[in-house]
file target_10.cif (mmCIF, C-alpha atoms and all ligand atoms)
data_run
loop_
_atom_site.label_atom_id
_atom_site.label_comp_id
_atom_site.auth_asym_id
_atom_site.auth_seq_id
_atom_site.Cartn_x
_atom_site.Cartn_y
_atom_site.Cartn_z
CA MET A 251 -0.23 -21.05 -3.59
CA ASP A 252 2.35 -23.75 -2.94
CA ILE A 253 5.58 -22.18 -1.67
CA ASN A 254 7.61 -24.60 -3.81
CA VAL A 255 5.82 -23.20 -6.88
CA VAL A 256 6.65 -19.67 -5.73
CA ASN A 257 10.30 -20.62 -5.18
CA SER A 258 10.56 -22.01 -8.71
CA LEU A 259 9.13 -18.89 -10.41
CA THR A 260 11.36 -16.98 -12.79
CA TYR A 261 11.92 -13.42 -11.59
CA GLU A 262 9.65 -12.23 -14.44
CA ASP A 263 6.74 -14.39 -13.20
CA PHE A 264 7.49 -13.56 -9.55
CA VAL A 265 7.29 -9.82 -10.32
CA LYS A 266 4.18 -10.38 -12.45
CA ILE A 267 2.44 -12.07 -9.51
CA PHE A 268 3.85 -10.12 -6.55
CA GLY A 269 4.92 -6.82 -8.14
CA SER A 270 1.81 -4.95 -7.04
CA VAL A 271 1.89 -5.86 -3.33
CA VAL A 272 3.36 -2.41 -2.70
CA GLU A 273 1.50 0.09 -4.85
CA LYS A 274 3.40 0.82 -8.09
CA CYS A 275 6.67 -0.44 -6.55
CA PRO A 276 7.50 -3.68 -8.45
CA LEU A 277 11.17 -2.97 -7.68
CA ILE A 278 10.59 -4.30 -4.16
CA SER A 279 9.41 -7.73 -5.33
CA ALA A 280 12.08 -7.75 -8.05
CA ALA A 281 14.68 -7.28 -5.32
CA VAL A 282 13.12 -9.76 -2.87
CA TRP A 283 13.07 -12.53 -5.53
CA SER A 284 16.83 -12.93 -4.92
CA ARG A 285 16.10 -14.02 -1.34
CA ARG A 286 14.39 -17.24 -2.41
CA PRO A 287 13.85 -20.01 -1.43
CA PHE A 288 11.14 -18.68 0.89
CA LYS A 289 9.97 -20.79 3.80
CA ASP A 290 6.37 -19.60 3.40
CA LEU A 291 4.26 -16.54 2.61
CA ALA A 292 5.21 -14.90 5.91
CA ASP A 293 8.86 -15.23 4.88
CA ILE A 294 8.20 -13.26 1.68
CA GLU A 295 6.45 -10.59 3.75
CA THR A 296 9.42 -10.47 6.16
CA HIS A 297 11.87 -9.91 3.29
CA ILE A 298 9.67 -7.16 1.83
CA THR A 299 9.49 -5.46 5.22
CA GLU A 300 13.27 -5.75 5.69
CA PHE A 301 13.84 -4.27 2.21
CA ILE A 302 11.57 -1.31 2.96
CA HIS A 303 13.23 -0.67 6.34
CA SER A 304 16.67 -0.85 4.74
CA LEU A 305 15.82 2.16 2.54
CA PRO A 306 16.98 5.67 3.39
CA ASP A 307 14.25 8.17 4.31
CA SER A 308 14.18 9.34 0.68
CA GLY A 309 13.42 5.78 -0.44
CA LYS A 310 10.63 5.38 2.08
CA GLU A 311 9.15 8.72 1.00
CA GLY A 312 9.46 7.51 -2.62
CA ILE A 313 7.27 4.51 -1.79
CA LEU A 314 4.69 6.83 -0.21
CA ARG A 315 4.70 9.06 -3.32
CA CYS A 316 3.68 6.05 -5.42
CA HIS A 317 0.32 5.91 -3.62
CA PRO A 318 -2.77 7.55 -5.12
CA ASP A 319 -4.71 9.95 -2.91
CA LEU A 320 -7.75 8.54 -1.15
CA ALA A 321 -10.86 9.87 -2.92
CA GLY A 322 -8.49 11.81 -5.16
CA ARG A 323 -8.14 12.50 -8.88
CA ASP A 324 -7.33 8.91 -9.80
CA LEU A 325 -10.48 7.62 -8.11
CA GLN A 326 -12.61 10.31 -9.71
CA SER A 327 -11.15 9.59 -13.17
CA GLY A 328 -11.21 5.79 -12.80
CA THR A 329 -7.43 5.45 -13.24
CA LEU A 330 -6.65 3.65 -9.97
CA THR A 331 -4.93 0.27 -10.08
CA ARG A 332 -7.30 -2.66 -9.57
CA GLU A 333 -6.04 -3.17 -6.02
CA SER A 334 -6.39 0.50 -5.06
CA GLN A 335 -9.84 0.69 -6.64
CA GLU A 336 -11.02 -2.29 -4.56
CA GLU A 337 -9.45 -0.93 -1.37
CA GLN A 338 -10.81 2.59 -1.78
CA SER A 339 -14.30 1.36 -2.69
CA GLN A 340 -14.30 -0.99 0.28
CA ALA A 341 -13.54 1.98 2.56
CA GLY A 342 -16.42 3.94 1.02
CA MET A 343 -14.21 6.47 -0.75
CA ASP A 344 -16.36 6.15 -3.87
CA THR A 345 -19.55 7.07 -2.02
CA LEU A 346 -18.49 10.35 -0.40
CA ASP A 347 -20.82 13.31 -0.80
CA SER A 348 -19.47 16.48 -2.42
CA ALA A 349 -18.67 18.11 0.94
CA GLU A 350 -16.68 15.03 2.05
CA ILE A 351 -14.81 14.95 -1.28
CA ARG A 352 -13.93 18.61 -0.92
CA ARG A 353 -12.73 18.01 2.65
CA MET A 354 -10.55 15.05 1.53
CA TYR A 355 -9.06 17.13 -1.33
CA ARG A 356 -8.31 20.00 1.04
CA LEU A 357 -6.80 17.85 3.79
CA ASN A 358 -4.81 15.73 1.31
CA ALA A 359 -3.42 18.91 -0.26
CA GLN A 360 -2.51 20.38 3.15
CA TYR A 361 -0.87 17.09 4.18
CA LYS A 362 1.16 16.90 0.92
CA GLU A 363 2.16 20.53 1.28
CA ARG A 364 3.47 19.84 4.80
CA PHE A 365 5.25 16.51 4.23
CA GLY A 366 6.06 16.29 0.52
CA PHE A 367 4.39 12.88 0.30
CA PRO A 368 0.72 11.84 0.32
CA PHE A 369 -1.37 10.67 3.26
CA VAL A 370 -1.34 6.86 3.22
CA ILE A 371 -3.55 4.59 5.30
CA CYS A 372 -4.64 0.97 4.89
CA ALA A 373 -8.11 1.58 3.45
CA ARG A 374 -9.25 -2.03 4.00
CA LEU A 375 -8.85 -1.58 7.76
CA ASN A 376 -10.60 1.79 8.02
CA LYS A 377 -13.99 3.22 7.08
CA LYS A 378 -14.36 6.79 5.83
CA ALA A 379 -15.03 8.36 9.25
CA GLU A 380 -11.80 6.87 10.65
CA ILE A 381 -9.86 7.88 7.53
CA LEU A 382 -10.99 11.49 7.83
CA GLN A 383 -10.20 11.41 11.56
CA GLN A 384 -6.71 9.97 10.99
CA LEU A 385 -5.97 12.45 8.20
CA SER A 386 -6.94 15.45 10.32
CA GLU A 387 -4.94 14.11 13.30
CA ARG A 388 -1.82 12.81 11.56
CA ILE A 389 -1.31 16.07 9.69
CA MET A 390 -0.17 17.48 13.06
CA ASN A 391 2.67 14.91 13.43
CA ASP A 392 6.32 15.70 12.86
CA ARG A 393 7.78 14.46 9.59
CA ALA A 394 9.84 11.54 10.93
CA ALA A 395 6.96 10.16 13.00
CA GLU A 396 4.57 10.57 10.08
CA ARG A 397 6.96 8.86 7.62
CA GLU A 398 7.29 5.86 9.91
CA GLY A 399 3.56 5.71 10.59
CA ALA A 400 2.75 5.88 6.89
CA ILE A 401 5.26 3.08 6.12
CA GLU A 402 3.49 0.95 8.75
CA GLU A 403 0.29 1.51 6.77
CA VAL A 404 2.08 0.49 3.53
CA LYS A 405 3.11 -2.74 5.27
CA LYS A 406 -0.52 -3.44 6.27
CA ILE A 407 -1.69 -2.83 2.68
CA CYS A 408 1.10 -5.14 1.44
CA SER A 409 0.18 -7.89 3.91
CA LEU A 410 -3.47 -7.87 2.82
CA ARG A 411 -2.54 -7.80 -0.88
CA LEU A 412 -0.19 -10.78 -0.38
CA ARG A 413 -2.98 -12.73 1.30
CA ASN A 414 -5.36 -11.82 -1.53
CA ILE A 415 -2.93 -13.23 -4.09
CA VAL A 416 -2.65 -16.53 -2.23
CA LEU A 417 -6.41 -16.77 -1.60
CA SER A 418 -7.33 -15.93 -5.20
CA ASP A 419 -4.85 -18.54 -6.41
CA ILE A 420 -6.43 -21.17 -4.15
CA GLN A 421 -9.91 -20.15 -5.41
CA THR A 422 -8.83 -20.61 -9.05
CA LYS A 423 -7.55 -24.07 -8.13
CA LEU A 424 -10.76 -25.16 -6.35
N1 LIG B 1 -3.29 7.20 -0.08
C1 LIG B 1 -3.69 5.95 0.26
O1 LIG B 1 -3.71 5.59 1.43
N2 LIG B 1 -4.08 5.14 -0.76
C2 LIG B 1 -4.52 3.85 -0.53
N3 LIG B 1 -4.59 3.17 0.61
C3 LIG B 1 -5.07 1.89 0.33
O2 LIG B 1 -5.29 1.00 1.12
N4 LIG B 1 -5.29 1.78 -1.01
C4 LIG B 1 -4.97 2.98 -1.58
O3 LIG B 1 -5.04 3.32 -2.79
#

call {"tool": "encode", "arguments": {"input": "target_10.cif", "output": "structure tokens"}}
result
Amino acid sequence: MDINVVNSLTYEDFVKIFGSVVEKCPLISAAVWSRRPFKDLADIETHITEFIHSLPDSGKEGILRCHPDLAGRDLQSGTLTRESQEEQSQAGMDTLDSAEIRRMYRLNAQYKERFGFPFVICARLNKKAEILQQLSERIMNDRAAEREGAIEEVKKICSLRLRNIVLSDIQTKL
């Protein structure tokens, strides 16, 4: 996607294209649009990261609360966003056996109970064994450390979704 095209997008089209790079948080792209013109894709990512880091803890936790559980209700009922569905399937969340599903439900519930926001990890960079391992380890963290770690995962998810948008645009052009 040519950066000059991106820089000439109306904010409606910019949000339509980039609004889902942070799960269910189109506000972030709607805010970042004002920072155009962007030098390149990395520049958009930098502005998104800066926006997220500028938020108070409550704002960061709000972003985390917009994420569906891994192997949770939304996956079971088929109501995940397209991006989340692809990411969770790729990590094998849709092929867990009943014992693994029960373990994910239990650990996700315990994690939410402790922190008041859901466990978030970049599913594209982890397979189910690693996800279960991370969930059972990270639940022991203190809240501040866990909030920051989870936001780092949101940034990884965002980075991969941004790249997907650019790549899919190039593919439609070819
Ligand atoms: N709770 C989560 O970590 N959810 C997710 N991580 C991803 O990479 N995609 C999701 O839906």

call {"tool": "residues_around", "arguments": {"input": "target_10.cif", "residues": "Phe367 of chain A", "least_positions_apart": "3", "cutoff": "7 Å", "atoms": "only C-alpha atoms", "output": "list in words"}}
result
Glu311, Leu314, Arg315 and Lys362 of chain A

call {"tool": "closest_residue", "arguments": {"input": "target_10.cif", "among": "A:Met251, A:Leu320, A:Ile313, A:Ile294", "to": "Pro276 of chain A", "atoms": "only C-alpha atoms"}}
result
A:Ile313

call {"tool": "residues_near_ligand", "arguments": {"input": "target_10.cif", "ligand": "ligand LIG 1 (chain B)", "cutoff": "10 Å", "atoms": "all atoms listed in the file", "output": "ChimeraX atom specification"}}
result
/A:272-273,314-322,324-325,330-341,343,358,367-376,381,385,400,403-404,406-408,410-411

call {"tool": "atom_distance", "arguments": {"input": "target_10.cif", "atom1": "atom CA of Ser304 of chain A", "atom2": "atom CA of Arg393 of chain A"}}
result
18.4 Å

call {"tool": "atom_distance", "arguments": {"input": "target_10.cif", "atom1": "atom CA of Thr299 of chain A", "atom2": "atom CA of Trp283 of chain A"}}
result
13.4 Å

call {"tool": "closest_residue", "arguments": {"input": "target_10.cif", "among": "A:Tyr355, A:Lys405, A:Ser418, A:Thr329", "to": "Glu300 of chain A", "atoms": "only C-alpha atoms"}}
result
A:Lys405

call {"tool": "atom_distance", "arguments": {"input": "target_10.cif", "atom1": "atom CA of Ala395 of chain A", "atom2": "atom CA of Leu357 of chain A"}}
result
18.3 Å

call {"tool": "residues_around", "arguments": {"input": "target_10.cif", "residues": "Asp293 of chain A", "least_positions_apart": "6", "cutoff": "12 Å", "atoms": "all atoms listed in the file", "output": "ChimeraX atom specification"}}
result
/A:253,256-257,282-283,285-287,299-300,409,412

call {"tool": "closest_residue", "arguments": {"input": "target_10.cif", "among": "A:Cys275, A:Ala280, A:Leu417, A:Met354", "to": "Thr260 of chain A", "atoms": "all atoms listed in the file"}}
result
A:Ala280

call {"tool": "decode", "arguments": {"input": "target_10.cif", "residues": "segment 368-415 of chain A", "atoms": "N, CA and C atoms", "output": "JSON list (two decimals), in the first residue's frame"}}
result
[["chain", "number", "residue", "atom", "x", "y", "z"],
["A", 368, "PRO", "N", -8.57, -9.43, 30.67],
["A", 368, "PRO", "CA", -8.31, -10.79, 30.20],
["A", 368, "PRO", "C", -6.84, -11.04, 29.88],
["A", 369, "PHE", "N", -6.47, -12.29, 29.87],
["A", 369, "PHE", "CA", -5.12, -12.70, 29.44],
["A", 369, "PHE", "C", -5.00, -12.44, 27.95],
["A", 370, "VAL", "N", -3.98, -11.67, 27.56],
["A", 370, "VAL", "CA", -3.78, -11.36, 26.14],
["A", 370, "VAL", "C", -2.36, -11.77, 25.73],
["A", 371, "ILE", "N", -2.29, -12.51, 24.63],
["A", 371, "ILE", "CA", -0.98, -12.90, 24.08],
["A", 371, "ILE", "C", -1.11, -12.88, 22.57],
["A", 372, "CYS", "N", 0.00, -12.66, 21.88],
["A", 372, "CYS", "CA", -0.04, -12.63, 20.40],
["A", 372, "CYS", "C", -0.12, -14.08, 19.93],
["A", 373, "ALA", "N", -1.32, -14.49, 19.51],
["A", 373, "ALA", "CA", -1.56, -15.91, 19.19],
["A", 373, "ALA", "C", -0.75, -16.35, 17.98],
["A", 374, "ARG", "N", -0.48, -15.40, 17.04],
["A", 374, "ARG", "CA", 0.28, -15.81, 15.84],
["A", 374, "ARG", "C", 1.70, -16.22, 16.17],
["A", 375, "LEU", "N", 2.20, -15.75, 17.33],
["A", 375, "LEU", "CA", 3.61, -16.04, 17.66],
["A", 375, "LEU", "C", 3.74, -17.17, 18.68],
["A", 376, "ASN", "N", 2.61, -17.80, 19.00],
["A", 376, "ASN", "CA", 2.65, -18.85, 20.03],
["A", 376, "ASN", "C", 1.73, -20.02, 19.65],
["A", 377, "LYS", "N", 2.17, -21.22, 19.94],
["A", 377, "LYS", "CA", 1.29, -22.38, 19.73],
["A", 377, "LYS", "C", 0.62, -22.70, 21.06],
["A", 378, "LYS", "N", -0.32, -23.63, 21.06],
["A", 378, "LYS", "CA", -1.17, -23.80, 22.26],
["A", 378, "LYS", "C", -0.37, -24.18, 23.50],
["A", 379, "ALA", "N", 0.68, -24.97, 23.36],
["A", 379, "ALA", "CA", 1.46, -25.37, 24.55],
["A", 379, "ALA", "C", 2.07, -24.13, 25.21],
["A", 380, "GLU", "N", 2.62, -23.25, 24.39],
["A", 380, "GLU", "CA", 3.27, -22.02, 24.91],
["A", 380, "GLU", "C", 2.22, -21.10, 25.52],
["A", 381, "ILE", "N", 1.04, -21.05, 24.90],
["A", 381, "ILE", "CA", -0.03, -20.18, 25.42],
["A", 381, "ILE", "C", -0.45, -20.65, 26.80],
["A", 382, "LEU", "N", -0.66, -21.96, 26.93],
["A", 382, "LEU", "CA", -1.05, -22.50, 28.24],
["A", 382, "LEU", "C", 0.05, -22.25, 29.27],
["A", 383, "GLN", "N", 1.29, -22.41, 28.84],
["A", 383, "GLN", "CA", 2.45, -22.19, 29.73],
["A", 383, "GLN", "C", 2.48, -20.73, 30.19],
["A", 384, "GLN", "N", 2.35, -19.80, 29.24],
["A", 384, "GLN", "CA", 2.40, -18.37, 29.55],
["A", 384, "GLN", "C", 1.25, -17.98, 30.48],
["A", 385, "LEU", "N", 0.05, -18.53, 30.19],
["A", 385, "LEU", "CA", -1.11, -18.19, 31.02],
["A", 385, "LEU", "C", -0.89, -18.66, 32.46],
["A", 386, "SER", "N", -0.39, -19.87, 32.62],
["A", 386, "SER", "CA", -0.21, -20.37, 33.99],
["A", 386, "SER", "C", 0.94, -19.67, 34.71],
["A", 387, "GLU", "N", 1.92, -19.14, 33.93],
["A", 387, "GLU", "CA", 3.03, -18.41, 34.57],
["A", 387, "GLU", "C", 2.65, -16.95, 34.87],
["A", 388, "ARG", "N", 2.09, -16.29, 33.85],
["A", 388, "ARG", "CA", 1.84, -14.85, 33.98],
["A", 388, "ARG", "C", 0.79, -14.53, 35.05],
["A", 389, "ILE", "N", -0.04, -15.50, 35.35],
["A", 389, "ILE", "CA", -1.10, -15.26, 36.35],
["A", 389, "ILE", "C", -0.47, -14.95, 37.71],
["A", 390, "MET", "N", 0.83, -15.32, 37.86],
["A", 390, "MET", "CA", 1.52, -15.09, 39.14],
["A", 390, "MET", "C", 2.13, -13.67, 39.20],
["A", 391, "ASN", "N", 2.12, -12.94, 38.07],
["A", 391, "ASN", "CA", 2.77, -11.61, 38.06],
["A", 391, "ASN", "C", 2.01, -10.61, 38.92],
["A", 392, "ASP", "N", 2.67, -9.48, 39.22],
["A", 392, "ASP", "CA", 1.90, -8.41, 39.87],
["A", 392, "ASP", "C", 1.19, -7.62, 38.76],
["A", 393, "ARG", "N", 0.20, -6.86, 39.16],
["A", 393, "ARG", "CA", -0.71, -6.22, 38.20],
["A", 393, "ARG", "C", 0.02, -5.30, 37.24],
["A", 394, "ALA", "N", 0.90, -4.45, 37.74],
["A", 394, "ALA", "CA", 1.57, -3.47, 36.88],
["A", 394, "ALA", "C", 2.43, -4.19, 35.83],
["A", 395, "ALA", "N", 3.17, -5.19, 36.27],
["A", 395, "ALA", "CA", 4.04, -5.93, 35.35],
["A", 395, "ALA", "C", 3.18, -6.64, 34.31],
["A", 396, "GLU", "N", 2.07, -7.20, 34.75],
["A", 396, "GLU", "CA", 1.20, -7.95, 33.84],
["A", 396, "GLU", "C", 0.53, -7.01, 32.83],
["A", 397, "ARG", "N", 0.12, -5.82, 33.29],
["A", 397, "ARG", "CA", -0.50, -4.84, 32.38],
["A", 397, "ARG", "C", 0.49, -4.46, 31.28],
["A", 398, "GLU", "N", 1.71, -4.18, 31.67],
["A", 398, "GLU", "CA", 2.72, -3.78, 30.68],
["A", 398, "GLU", "C", 3.04, -4.93, 29.72],
["A", 399, "GLY", "N", 3.16, -6.15, 30.29],
["A", 399, "GLY", "CA", 3.45, -7.30, 29.43],
["A", 399, "GLY", "C", 2.34, -7.56, 28.44],
["A", 400, "ALA", "N", 1.11, -7.42, 28.91],
["A", 400, "ALA", "CA", -0.05, -7.67, 28.02],
["A", 400, "ALA", "C", -0.11, -6.60, 26.93],
["A", 401, "ILE", "N", 0.22, -5.35, 27.25],
["A", 401, "ILE", "CA", 0.22, -4.28, 26.24],
["A", 401, "ILE", "C", 1.31, -4.56, 25.19],
["A", 402, "GLU", "N", 2.43, -5.12, 25.63],
["A", 402, "GLU", "CA", 3.47, -5.52, 24.65],
["A", 402, "GLU", "C", 2.90, -6.55, 23.68],
["A", 403, "GLU", "N", 2.08, -7.45, 24.18],
["A", 403, "GLU", "CA", 1.45, -8.45, 23.30],
["A", 403, "GLU", "C", 0.46, -7.78, 22.34],
["A", 404, "VAL", "N", -0.29, -6.79, 22.82],
["A", 404, "VAL", "CA", -1.21, -6.05, 21.95],
["A", 404, "VAL", "C", -0.43, -5.38, 20.81],
["A", 405, "LYS", "N", 0.74, -4.85, 21.14],
["A", 405, "LYS", "CA", 1.57, -4.19, 20.12],
["A", 405, "LYS", "C", 2.06, -5.19, 19.08],
["A", 406, "LYS", "N", 2.37, -6.41, 19.50],
["A", 406, "LYS", "CA", 2.79, -7.46, 18.55],
["A", 406, "LYS", "C", 1.62, -7.84, 17.62],
["A", 407, "ILE", "N", 0.44, -7.99, 18.22],
["A", 407, "ILE", "CA", -0.76, -8.32, 17.42],
["A", 407, "ILE", "C", -0.99, -7.20, 16.40],
["A", 408, "CYS", "N", -0.88, -5.96, 16.87],
["A", 408, "CYS", "CA", -1.10, -4.79, 16.00],
["A", 408, "CYS", "C", -0.11, -4.77, 14.84],
["A", 409, "SER", "N", 1.15, -5.04, 15.15],
["A", 409, "SER", "CA", 2.20, -5.00, 14.13],
["A", 409, "SER", "C", 1.92, -6.03, 13.04],
["A", 410, "LEU", "N", 1.51, -7.22, 13.45],
["A", 410, "LEU", "CA", 1.23, -8.28, 12.45],
["A", 410, "LEU", "C", -0.03, -7.95, 11.66],
["A", 411, "ARG", "N", -1.03, -7.35, 12.32],
["A", 411, "ARG", "CA", -2.26, -6.99, 11.58],
["A", 411, "ARG", "C", -1.97, -5.87, 10.57],
["A", 412, "LEU", "N", -1.12, -4.92, 10.95],
["A", 412, "LEU", "CA", -0.74, -3.85, 10.02],
["A", 412, "LEU", "C", -0.06, -4.44, 8.79],
["A", 413, "ARG", "N", 0.86, -5.36, 9.03],
["A", 413, "ARG", "CA", 1.57, -5.98, 7.90],
["A", 413, "ARG", "C", 0.61, -6.76, 7.00],
["A", 414, "ASN", "N", -0.36, -7.42, 7.62],
["A", 414, "ASN", "CA", -1.37, -8.17, 6.85],
["A", 414, "ASN", "C", -2.14, -7.25, 5.93],
["A", 415, "ILE", "N", -2.49, -6.08, 6.44],
["A", 415, "ILE", "CA", -3.27, -5.12, 5.63],
["A", 415, "ILE", "C", -2.46, -4.72, 4.41]]
